>>> print(open('model_26.tsv').read())   # TSV, C-alpha atoms
chain	number	residue	atom	x	y	z
I	20	MET	CA	104.68	155.50	119.69
I	21	ILE	CA	106.36	152.45	121.22
I	22	ARG	CA	102.94	150.85	121.76
I	23	LYS	CA	102.04	151.53	118.12
I	24	THR	CA	105.27	149.94	116.92
I	25	LEU	CA	104.70	146.95	119.17
I	26	PHE	CA	101.12	146.61	117.91
I	27	PHE	CA	102.16	146.61	114.25
I	28	THR	CA	105.07	144.25	114.92
I	29	LEU	CA	102.69	141.86	116.64
I	30	LEU	CA	100.17	142.21	113.82
I	31	PHE	CA	102.87	141.48	111.23
I	32	VAL	CA	104.04	138.41	113.12
I	33	LEU	CA	100.47	137.12	113.43
I	34	VAL	CA	99.56	137.71	109.78
I	35	TYR	CA	102.87	136.36	108.47
I	36	GLY	CA	102.73	133.41	110.81
I	37	ALA	CA	99.16	132.60	109.76
I	38	SER	CA	100.01	132.75	106.05
I	39	ALA	CA	103.06	130.52	106.54
I	40	PHE	CA	100.88	128.09	108.48
I	41	ALA	CA	98.26	128.13	105.72
I	42	LEU	CA	100.93	127.17	103.19
I	43	THR	CA	101.88	124.02	105.02
I	44	GLN	CA	98.50	122.85	106.28
I	45	GLN	CA	95.94	121.12	104.08
I	46	GLY	CA	92.87	119.43	105.44
I	47	GLY	CA	94.45	119.06	108.87
I	48	LEU	CA	97.62	117.54	107.41
I	49	THR	CA	101.08	119.06	107.37
I	50	ILE	CA	102.41	119.21	103.84
I	51	VAL	CA	106.10	119.20	103.02
I	52	SER	CA	107.43	120.61	99.73
I	53	THR	CA	110.09	119.07	97.49
I	54	PRO	CA	112.91	121.40	98.68
I	55	GLU	CA	111.91	120.82	102.30
I	56	LEU	CA	111.96	117.05	101.91
I	57	LYS	CA	115.25	117.16	100.00
I	58	THR	CA	116.82	119.24	102.77
I	59	MET	CA	115.56	116.82	105.43
I	60	LEU	CA	117.06	113.88	103.55
I	61	ASP	CA	120.34	115.66	102.82
I	62	LYS	CA	120.67	116.58	106.48
I	63	LYS	CA	120.00	112.94	107.33
I	64	GLU	CA	117.21	113.86	109.69
I	65	PRO	CA	115.98	110.77	111.54
I	66	LEU	CA	112.78	110.50	109.57
I	67	LEU	CA	110.90	107.56	108.19
I	68	LEU	CA	110.01	108.16	104.54
I	69	VAL	CA	107.14	105.83	103.72
I	70	ASN	CA	105.64	104.85	100.38
I	71	PRO	CA	102.19	103.40	101.24
I	72	LEU	CA	101.52	101.90	97.79
I	73	ALA	CA	101.50	98.22	96.89
I	74	PRO	CA	104.84	96.39	96.47
I	75	LEU	CA	104.53	96.42	92.66
I	76	ASN	CA	104.22	100.21	92.54
I	77	TYR	CA	107.00	100.68	95.08
I	78	GLY	CA	109.24	98.27	93.17
I	79	VAL	CA	108.74	100.17	89.93
I	80	ALA	CA	109.54	103.62	91.36
I	81	HIS	CA	110.36	104.98	94.78
I	82	ILE	CA	112.38	107.75	96.37
I	83	PRO	CA	115.78	106.43	97.50
I	84	GLY	CA	115.83	105.89	101.23
I	85	SER	CA	112.10	105.31	101.50
I	86	ILE	CA	110.50	102.14	102.77
I	87	ASN	CA	107.35	100.40	101.60
I	88	ILE	CA	104.47	99.93	103.99
I	89	PRO	CA	101.26	99.33	102.00
I	90	LEU	CA	98.34	101.27	103.42
I	91	SER	CA	96.49	98.10	104.34
I	92	LEU	CA	99.45	96.98	106.50
I	93	LEU	CA	100.17	100.29	108.17
I	94	ASP	CA	98.47	99.33	111.42
I	95	SER	CA	100.76	96.37	111.98
I	96	GLU	CA	103.97	97.48	110.22
I	97	LEU	CA	104.46	101.13	111.16
I	98	PRO	CA	105.05	100.37	114.87
I	99	LYS	CA	107.77	97.90	113.81
I	100	LYS	CA	109.61	100.51	111.72
I	101	ALA	CA	109.14	103.72	113.71
I	102	SER	CA	111.42	104.18	116.69
I	103	SER	CA	108.70	105.96	118.65
I	104	LYS	CA	105.35	107.68	118.18
I	105	GLU	CA	107.26	110.98	118.13
I	106	GLN	CA	109.43	110.03	115.16
I	107	LYS	CA	108.94	112.13	112.06
I	108	VAL	CA	107.08	110.08	109.44
I	109	VAL	CA	106.70	111.40	105.89
I	110	PHE	CA	104.29	109.71	103.48
I	111	TYR	CA	104.34	110.12	99.71
I	112	CYS	CA	102.76	108.38	96.74
I	113	LEU	CA	102.05	109.16	93.10
I	114	GLY	CA	101.13	112.80	93.61
I	115	PRO	CA	97.87	114.73	93.84
I	116	LYS	CA	94.36	113.31	93.22
T	8	MET	CA	95.34	109.77	97.67
T	9	HIS	CA	97.24	107.08	99.54
T	10	SER	CA	99.76	109.35	101.25
T	11	LYS	CA	97.04	111.46	102.86
T	12	ASP	CA	95.02	108.41	103.89
T	13	ALA	CA	98.16	106.89	105.39
T	14	ALA	CA	99.02	110.12	107.22
T	15	ARG	CA	95.52	110.36	108.68
T	16	LEU	CA	95.70	106.74	109.81
T	17	ALA	CA	99.16	107.23	111.37
T	18	ALA	CA	97.90	110.29	113.24
T	19	LYS	CA	94.95	108.26	114.47
T	20	MET	CA	97.40	105.58	115.63
T	21	GLY	CA	99.04	108.20	117.84
T	22	TYR	CA	102.00	109.33	115.71
T	23	SER	CA	102.49	112.99	116.48
T	24	ASN	CA	104.95	114.09	113.81
T	25	VAL	CA	103.32	113.03	110.55
T	26	LEU	CA	103.95	114.85	107.27
T	27	VAL	CA	102.76	114.40	103.70
T	28	TYR	CA	104.92	114.95	100.66
T	29	SER	CA	101.94	115.51	98.42
T	30	GLU	CA	103.87	116.22	95.21
T	31	GLY	CA	105.01	112.60	95.36
T	32	ILE	CA	107.07	110.85	92.73
T	33	PRO	CA	106.02	113.21	89.89
T	34	GLY	CA	107.18	116.21	91.96
T	35	TRP	CA	110.44	114.48	92.86
T	36	LEU	CA	111.20	113.72	89.21
T	37	LYS	CA	110.13	117.19	88.07
T	38	ASN	CA	112.79	118.67	90.33
T	39	GLY	CA	115.43	116.51	88.71
T	40	TYR	CA	115.92	114.12	91.62
T	41	GLN	CA	116.47	110.42	91.13
T	42	ILE	CA	114.14	107.59	91.89
T	43	LYS	CA	115.01	103.96	92.47
T	44	SER	CA	113.53	100.91	90.72
T	45	GLU	CA	113.80	97.25	91.59
T	46	ILE	CA	111.21	96.05	89.11
T	47	THR	CA	111.67	96.96	85.48
T	48	LEU	CA	108.63	96.65	83.32
T	49	PRO	CA	108.64	96.89	79.53
T	50	LYS	CA	107.73	100.40	78.43
T	51	VAL	CA	104.94	99.20	76.20
T	52	LYS	CA	102.17	101.56	75.24
T	53	ILE	CA	98.92	100.57	76.88
T	54	PRO	CA	95.95	102.04	75.01
T	55	GLN	CA	93.32	103.94	76.95
T	56	VAL	CA	89.64	103.35	76.43
T	57	ALA	CA	87.15	106.16	77.02
T	58	PRO	CA	84.25	105.53	79.44
T	59	ASN	CA	81.53	105.49	76.79
T	60	ASP	CA	83.58	103.23	74.51
T	61	LEU	CA	84.13	100.87	77.44
T	62	LYS	CA	80.41	100.82	78.09
T	63	GLY	CA	79.86	99.72	74.49
T	64	LYS	CA	82.54	97.04	74.63
T	65	MET	CA	81.08	95.68	77.87
T	66	ALA	CA	77.59	95.58	76.41
T	67	ALA	CA	78.98	93.60	73.48
T	68	GLY	CA	80.81	91.24	75.85
T	69	GLU	CA	84.10	92.10	74.20
T	70	VAL	CA	86.22	92.78	77.29
T	71	TYR	CA	87.04	91.44	80.75
T	72	LEU	CA	86.97	94.29	83.26
T	73	VAL	CA	89.41	94.25	86.17
T	74	ASP	CA	89.23	96.59	89.15
T	75	ILE	CA	92.73	97.05	90.58
T	76	ARG	CA	91.86	99.43	93.42
T	77	GLY	CA	92.45	98.70	97.07
T	78	GLU	CA	90.14	99.61	99.89
T	79	GLU	CA	89.51	103.04	98.34
T	80	ARG	CA	87.08	101.29	96.00
T	81	LYS	CA	84.54	101.34	98.82
T	82	LYS	CA	84.40	105.13	98.67
T	83	THR	CA	83.48	105.41	95.01
T	84	GLY	CA	81.76	102.14	94.21
T	85	LEU	CA	82.14	99.77	91.31
T	86	ILE	CA	81.59	99.91	87.57
T	87	PRO	CA	78.58	97.63	86.98
T	88	GLY	CA	79.72	94.51	85.15
T	89	THR	CA	83.22	94.49	86.64
T	90	ASN	CA	84.43	90.91	86.21
T	91	THR	CA	86.96	90.73	88.98
T	92	TRP	CA	88.73	92.63	91.69
T	93	LEU	CA	92.45	92.07	91.75
T	94	ASP	CA	93.93	94.82	93.83
T	95	ASP	CA	97.51	95.86	93.37
T	96	MET	CA	98.48	94.13	96.62
T	97	ASN	CA	97.80	90.68	95.22
T	98	ILE	CA	98.16	91.20	91.49
T	99	ILE	CA	101.67	89.67	91.55
T	100	ASP	CA	100.35	86.44	93.11
T	101	LYS	CA	96.96	86.15	91.47
T	102	TYR	CA	97.26	87.48	87.93
T	103	GLY	CA	97.11	83.87	86.69
T	104	THR	CA	93.39	83.79	87.43
T	105	LEU	CA	92.72	86.25	84.62
T	106	PRO	CA	91.54	84.90	81.28
T	107	LYS	CA	93.73	85.16	78.20
T	108	ASP	CA	91.00	84.68	75.63
T	109	LYS	CA	89.51	88.15	76.03
T	110	PRO	CA	91.04	91.64	76.01
T	111	LEU	CA	91.46	92.95	79.54
T	112	VAL	CA	90.54	96.45	80.67
T	113	VAL	CA	92.01	97.55	84.00
T	114	TYR	CA	90.75	100.50	85.98
T	115	ASP	CA	91.46	102.30	89.21
T	116	THR	CA	90.32	105.56	90.77
T	117	ALA	CA	92.00	108.11	88.52
T	118	ASP	CA	94.09	106.04	86.09
T	119	LYS	CA	97.27	106.57	88.10
T	120	LYS	CA	98.18	102.98	88.89
T	121	THR	CA	96.78	101.27	85.82
T	122	LEU	CA	99.82	101.79	83.62
T	123	THR	CA	102.09	99.89	86.01
T	124	ALA	CA	99.52	97.13	86.55
T	125	ALA	CA	98.83	96.82	82.81
T	126	ARG	CA	102.53	96.72	81.94
T	127	PHE	CA	103.01	94.04	84.58
T	128	LEU	CA	100.17	91.98	83.10
T	129	HIS	CA	101.52	92.59	79.60
T	130	SER	CA	104.89	91.20	80.74
T	131	LYS	CA	103.03	88.06	81.88
T	132	GLY	CA	101.54	87.44	78.47
T	133	TYR	CA	98.35	89.50	78.68
T	134	THR	CA	99.21	91.47	75.59
T	135	SER	CA	95.65	92.43	74.72
T	136	ILE	CA	95.12	94.94	77.48
T	137	MET	CA	93.71	98.45	77.84
T	138	ARG	CA	93.14	100.86	80.70
T	139	LEU	CA	90.16	103.03	81.46
T	140	GLY	CA	91.29	106.58	80.71
T	141	GLY	CA	90.70	108.81	83.74
T	142	GLY	CA	89.65	105.88	85.90
T	143	ILE	CA	86.30	105.51	87.59
T	144	LEU	CA	86.25	109.24	88.32
T	145	LYS	CA	86.07	109.93	84.58
T	146	TRP	CA	83.43	107.21	84.24
T	147	ILE	CA	81.33	108.95	86.89
T	148	GLY	CA	82.11	112.33	85.31
T	149	SER	CA	80.72	110.98	82.03
T	150	GLY	CA	77.38	110.42	83.74
T	151	LEU	CA	77.75	106.65	83.86
T	152	PRO	CA	76.44	104.65	86.83
T	153	VAL	CA	78.33	102.96	89.64
T	154	GLU	CA	77.30	100.15	91.94
T	155	LYS	CA	77.64	100.47	95.67
T	156	ILE	CA	80.05	97.98	97.25
T	157	THR	CA	78.43	96.22	100.13
T	158	ASP	CA	81.09	93.72	101.26
>>> encode(input="model_26.tsv", output="structure tokens")
Amino acid sequence: MIRKTLFFTLLFVLVYGASAFALTQQGGLTIVSTPELKTMLDKKEPLLLVNPLAPLNYGVAHIPGSINIPLSLLDSELPKKASSKEQKVVFYCLGPK
Amino acid sequence: MHSKDAARLAAKMGYSNVLVYSEGIPGWLKNGYQIKSEITLPKVKIPQVAPNDLKGKMAAGEVYLVDIRGEERKKTGLIPGTNTWLDDMNIIDKYGTLPKDKPLVVYDTADKKTLTAARFLHSKGYTSIMRLGGGILKWIGSGLPVEKITD
């Protein structure tokens, strides 16, 4: 009986865990939702929120607290802005597509 | 999508904690959160031109076609007859090279960045300006040809 309970508990954890994982992974990338990002920002987590569009697009509209590193300059500029390779970096742009 | 391309590149550069907020600015606004602007462009209406109509206008020599995409243009190719490539990184510095004696049509991948670029150009005196509705993806979807970019 105890083994059965353990088995189903383990199964539940695996299935639930897998579905939660599937929700946040897309093409090998970890996706963050609006409420998750808002919470991170409200909690003042030490993250780097990066808009990788051109300066014109960033200047017209960006999320407060984000910085602009155009995609073509990422190689050279990201190391200057990130405190380490372990720092959380969140990228956003103009939405899907 | 720039955010995903950037995230992939950052991961390749060795960053281990990379996330993508894929809903982006539209998702942020939809949830009622504020955005910040340093550049204010006039909210002028920029007409869209459909792919087949653009084809006709190009054949008649009526428009000057401007590709405003960045490096992503290499993935999809080019609309044959594109007059110039002025990506959104250098549009602020180089818009003066565009002619004023012909209506401009700007295009990108999916018509997401053209409104900002066109409004910027409009603010600089290019008041006869249109954008390709749906971008080059709609052009391709309409069965129209693209040219491979070799540079």
>>> closest_atom_pairs(input="model_26.tsv", of="chain I", to="chain T", cutoff="7 Å", atoms="all atoms listed in the file", output="tab-separated table")
residue	atom	partner	partner_atom	distance
I:Leu48	CA	T:Leu26	CA	6.9
I:Thr49	CA	T:Leu26	CA	5.1
I:Ile50	CA	T:Val27	CA	4.8
I:Val51	CA	T:Tyr28	CA	5.0
I:Ser52	CA	T:Tyr28	CA	6.3
I:Thr53	CA	T:Trp35	CA	6.5
I:Pro71	CA	T:His9	CA	6.4
I:Leu72	CA	T:His9	CA	6.9
I:Ala73	CA	T:Met96	CA	5.1
I:Pro74	CA	T:Met96	CA	6.8
I:Asn76	CA	T:Thr123	CA	6.9
I:Gly78	CA	T:Glu45	CA	4.9
I:Val79	CA	T:Ile46	CA	4.9
I:Ala80	CA	T:Ser44	CA	4.9
I:His81	CA	T:Lys43	CA	5.3
I:Ile82	CA	T:Ile42	CA	4.8
I:Pro83	CA	T:Lys43	CA	5.7
I:Leu90	CA	T:Ala13	CA	6.0
I:Lys104	CA	T:Tyr22	CA	4.5
I:Glu105	CA	T:Ser23	CA	5.4
I:Gln106	CA	T:Asn24	CA	6.2
I:Lys107	CA	T:Asn24	CA	4.8
I:Val108	CA	T:Val25	CA	4.9
I:Val109	CA	T:Leu26	CA	4.6
I:Phe110	CA	T:Val27	CA	4.9
I:Tyr111	CA	T:Ser10	CA	4.9
I:Cys112	CA	T:Gly31	CA	5.0
I:Leu113	CA	T:Gly31	CA	5.1
I:Gly114	CA	T:Gly31	CA	4.3
I:Pro115	CA	T:Ser29	CA	6.2
I:Lys116	CA	T:Met8	CA	5.8
>>> write_last_selection(input="model_26.tsv", atoms="C-alpha atoms", output="compact mmCIF listing (two decimals), keeping the file's coordinate frame")
# COMPACT_ATOMS: atom_id res chain seq x y z
CA LEU I 48 97.62 117.54 107.41
CA THR I 49 101.08 119.06 107.37
CA ILE I 50 102.41 119.21 103.84
CA VAL I 51 106.10 119.20 103.02
CA SER I 52 107.43 120.61 99.73
CA THR I 53 110.09 119.07 97.49
CA PRO I 71 102.19 103.40 101.24
CA LEU I 72 101.52 101.90 97.79
CA ALA I 73 101.50 98.22 96.89
CA PRO I 74 104.84 96.39 96.47
CA ASN I 76 104.22 100.21 92.54
CA GLY I 78 109.24 98.27 93.17
CA VAL I 79 108.74 100.17 89.93
CA ALA I 80 109.54 103.62 91.36
CA HIS I 81 110.36 104.98 94.78
CA ILE I 82 112.38 107.75 96.37
CA PRO I 83 115.78 106.43 97.50
CA LEU I 90 98.34 101.27 103.42
CA LYS I 104 105.35 107.68 118.18
CA GLU I 105 107.26 110.98 118.13
CA GLN I 106 109.43 110.03 115.16
CA LYS I 107 108.94 112.13 112.06
CA VAL I 108 107.08 110.08 109.44
CA VAL I 109 106.70 111.40 105.89
CA PHE I 110 104.29 109.71 103.48
CA TYR I 111 104.34 110.12 99.71
CA CYS I 112 102.76 108.38 96.74
CA LEU I 113 102.05 109.16 93.10
CA GLY I 114 101.13 112.80 93.61
CA PRO I 115 97.87 114.73 93.84
CA LYS I 116 94.36 113.31 93.22
>>> axis_aligned_box(input="model_26.tsv", around="stretch 70-80 of chain I", padding_each_side="3 Å", output="JSON")
{"center_x": 105.5, "center_y": 100.6, "center_z": 95.6, "size_x": 14.0, "size_y": 14.5, "size_z": 17.3}
>>> atom_distance(input="model_26.tsv", atom1="atom CA of T:Asn59", atom2="atom CA of T:Tyr102")
26.4 Å
>>> atom_distance(input="model_26.tsv", atom1="atom CA of T:Gln55", atom2="atom CA of I:Pro89")
26.7 Å
>>> residues_around(input="model_26.tsv", residues="T:Gly63", least_positions_apart="6", cutoff="12 Å", atoms="only C-alpha atoms", output="compact mmCIF listing (two decimals) with C-alpha atoms, keeping the file's coordinate frame")
# COMPACT_ATOMS: atom_id res chain seq x y z
CA VAL T 56 89.64 103.35 76.43
CA ALA T 57 87.15 106.16 77.02
CA GLU T 69 84.10 92.10 74.20
CA VAL T 70 86.22 92.78 77.29
CA GLY T 88 79.72 94.51 85.15
CA LEU T 151 77.75 106.65 83.86
>>> atom_distance(input="model_26.tsv", atom1="atom CA of T:Thr91", atom2="atom CA of T:Leu105")
8.5 Å
>>> residues_around(input="model_26.tsv", residues="T:Val51", least_positions_apart="6", cutoff="10 Å", atoms="only C-alpha atoms", output="PyMOL selection string")
chain T and resi 122+125-126+129-130+134
